[in-house]
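Accompanying notes for the structure given below.
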Amino acid sequence: MAGSSPAVTGWVPKDMRFRSLLFPLLACGGGGYFAYHLQTGDHGLQARADLEKRKAVLAGELAGLKEVRKRLDRDVALLRPESLDPDMLDERARAILNLAHPDDLVMLKRRVPAETPGASPKR
């Protein structure tokens, strides 16, 4: 048996065992590294979910802004000289400036005072 190969005797040198485990360990480490960054990296699944949430919020904001723009376009169209209504212009100017014409009849509503909690009723 002198001079027989390791395959025949079943004995493997220690450096050979280490070399046989080196590639699987490196592959598992590399796979773990990429799996971690796939989930939590700057362009990973978590970042994508955050971007989808932000996209939904911004889509709602965009819809609201489109409504505001539509309303403003309608108001601007009413102020063009070819479609200007003098009564509407007068009404809006008075409402914005909080003014009234001397011949206008102004009717004021009485406001009911708000009840404060813990206050006793007046007699």
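Going by the structure tokens order, chains are called A, B, ..., each with residues numbered from 1, while ligands are numbered from 1 in the order shown.
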Secondary structure check, alpha helix (DSSP H) residues of chain A, as a short mmCIF file (atom, residue, chain, number, x, y, z; two decimals) with C-alpha atoms, in the first residue's frame:
data_model
loop_
_atom_site.label_atom_id
_atom_site.label_comp_id
_atom_site.auth_asym_id
_atom_site.auth_seq_id
_atom_site.Cartn_x
_atom_site.Cartn_y
_atom_site.Cartn_z
CA PRO A 6 -5.64 9.41 -1.54
CA ALA A 7 -8.69 8.27 -3.50
CA VAL A 8 -7.84 4.67 -2.77
CA THR A 9 -7.19 5.11 0.94
CA LYS A 14 -6.68 19.39 5.10
CA ASP A 15 -5.94 22.01 2.44
CA MET A 16 -7.97 19.98 -0.05
CA ARG A 17 -11.02 20.02 2.28
CA PHE A 18 -10.70 23.78 2.67
CA ARG A 19 -10.49 24.25 -1.11
CA SER A 20 -13.56 22.11 -1.67
CA LEU A 21 -15.58 24.33 0.75
CA LEU A 22 -14.17 27.65 -0.50
CA PHE A 23 -16.31 28.02 -3.65
CA PRO A 24 -19.67 27.14 -1.98
CA LEU A 25 -18.91 29.55 0.88
CA LEU A 26 -18.02 32.35 -1.52
CA ALA A 27 -21.11 31.63 -3.64
CA CYS A 28 -23.40 31.72 -0.57
CA GLY A 29 -21.77 34.95 0.63
CA GLY A 30 -22.13 36.58 -2.78
CA GLY A 31 -25.72 35.39 -3.08
CA GLY A 32 -26.53 36.75 0.39
CA TYR A 33 -24.95 40.09 -0.46
CA PHE A 34 -26.99 40.46 -3.64
CA ALA A 35 -30.19 39.25 -1.95
CA TYR A 36 -29.76 41.84 0.83
CA HIS A 37 -29.24 44.68 -1.64
CA LEU A 38 -32.09 43.44 -3.82
CA GLN A 39 -34.40 44.02 -0.87
CA THR A 40 -32.95 47.12 0.81
CA LEU A 45 -37.79 46.24 -3.78
CA GLN A 46 -38.30 48.43 -0.71
CA ALA A 47 -37.33 51.57 -2.65
CA ARG A 48 -39.71 50.56 -5.43
CA ALA A 49 -42.58 50.18 -2.95
CA ASP A 50 -41.82 53.64 -1.54
CA LEU A 51 -41.81 55.09 -5.06
CA GLU A 52 -45.18 53.47 -5.81
CA LYS A 53 -46.66 55.04 -2.66
CA ARG A 54 -45.25 58.43 -3.63
CA LYS A 55 -46.61 58.00 -7.15
CA ALA A 56 -50.12 57.43 -5.78
CA VAL A 57 -49.90 60.53 -3.57
CA LEU A 58 -48.62 62.67 -6.43
CA ALA A 59 -51.33 61.34 -8.77
CA GLY A 60 -53.97 62.51 -6.30
CA GLU A 61 -52.27 65.89 -6.00
CA LEU A 62 -52.12 66.16 -9.80
CA ALA A 63 -55.84 65.46 -10.10
CA GLY A 64 -56.59 68.21 -7.58
CA LEU A 65 -54.35 70.66 -9.40
CA LYS A 66 -56.05 69.84 -12.72
CA GLU A 67 -59.40 70.69 -11.14
CA VAL A 68 -58.02 73.99 -9.87
CA ARG A 69 -56.62 74.78 -13.29
CA LYS A 70 -59.94 73.97 -14.96
CA ARG A 71 -61.74 76.31 -12.57
CA LEU A 72 -59.19 79.08 -13.16
CA ASP A 73 -59.42 78.62 -16.95
CA ARG A 74 -63.21 78.93 -16.70
CA ASP A 75 -62.90 82.10 -14.60
CA VAL A 76 -60.38 83.61 -17.02
CA ALA A 77 -62.64 82.78 -19.98
CA LEU A 78 -65.46 84.70 -18.29
CA PRO A 86 -70.68 93.44 -16.57
CA ASP A 87 -73.06 92.26 -13.85
CA MET A 88 -70.80 89.36 -12.92
CA LEU A 89 -67.76 91.65 -12.91
CA ASP A 90 -69.56 94.14 -10.67
CA GLU A 91 -70.73 91.39 -8.31
CA ARG A 92 -67.29 89.84 -7.99
CA ALA A 93 -65.59 93.22 -7.48
CA ARG A 94 -68.01 94.12 -4.68
CA ALA A 95 -67.61 90.73 -3.00
CA ILE A 96 -63.82 90.85 -3.15
CA LEU A 97 -63.52 94.49 -2.07
#
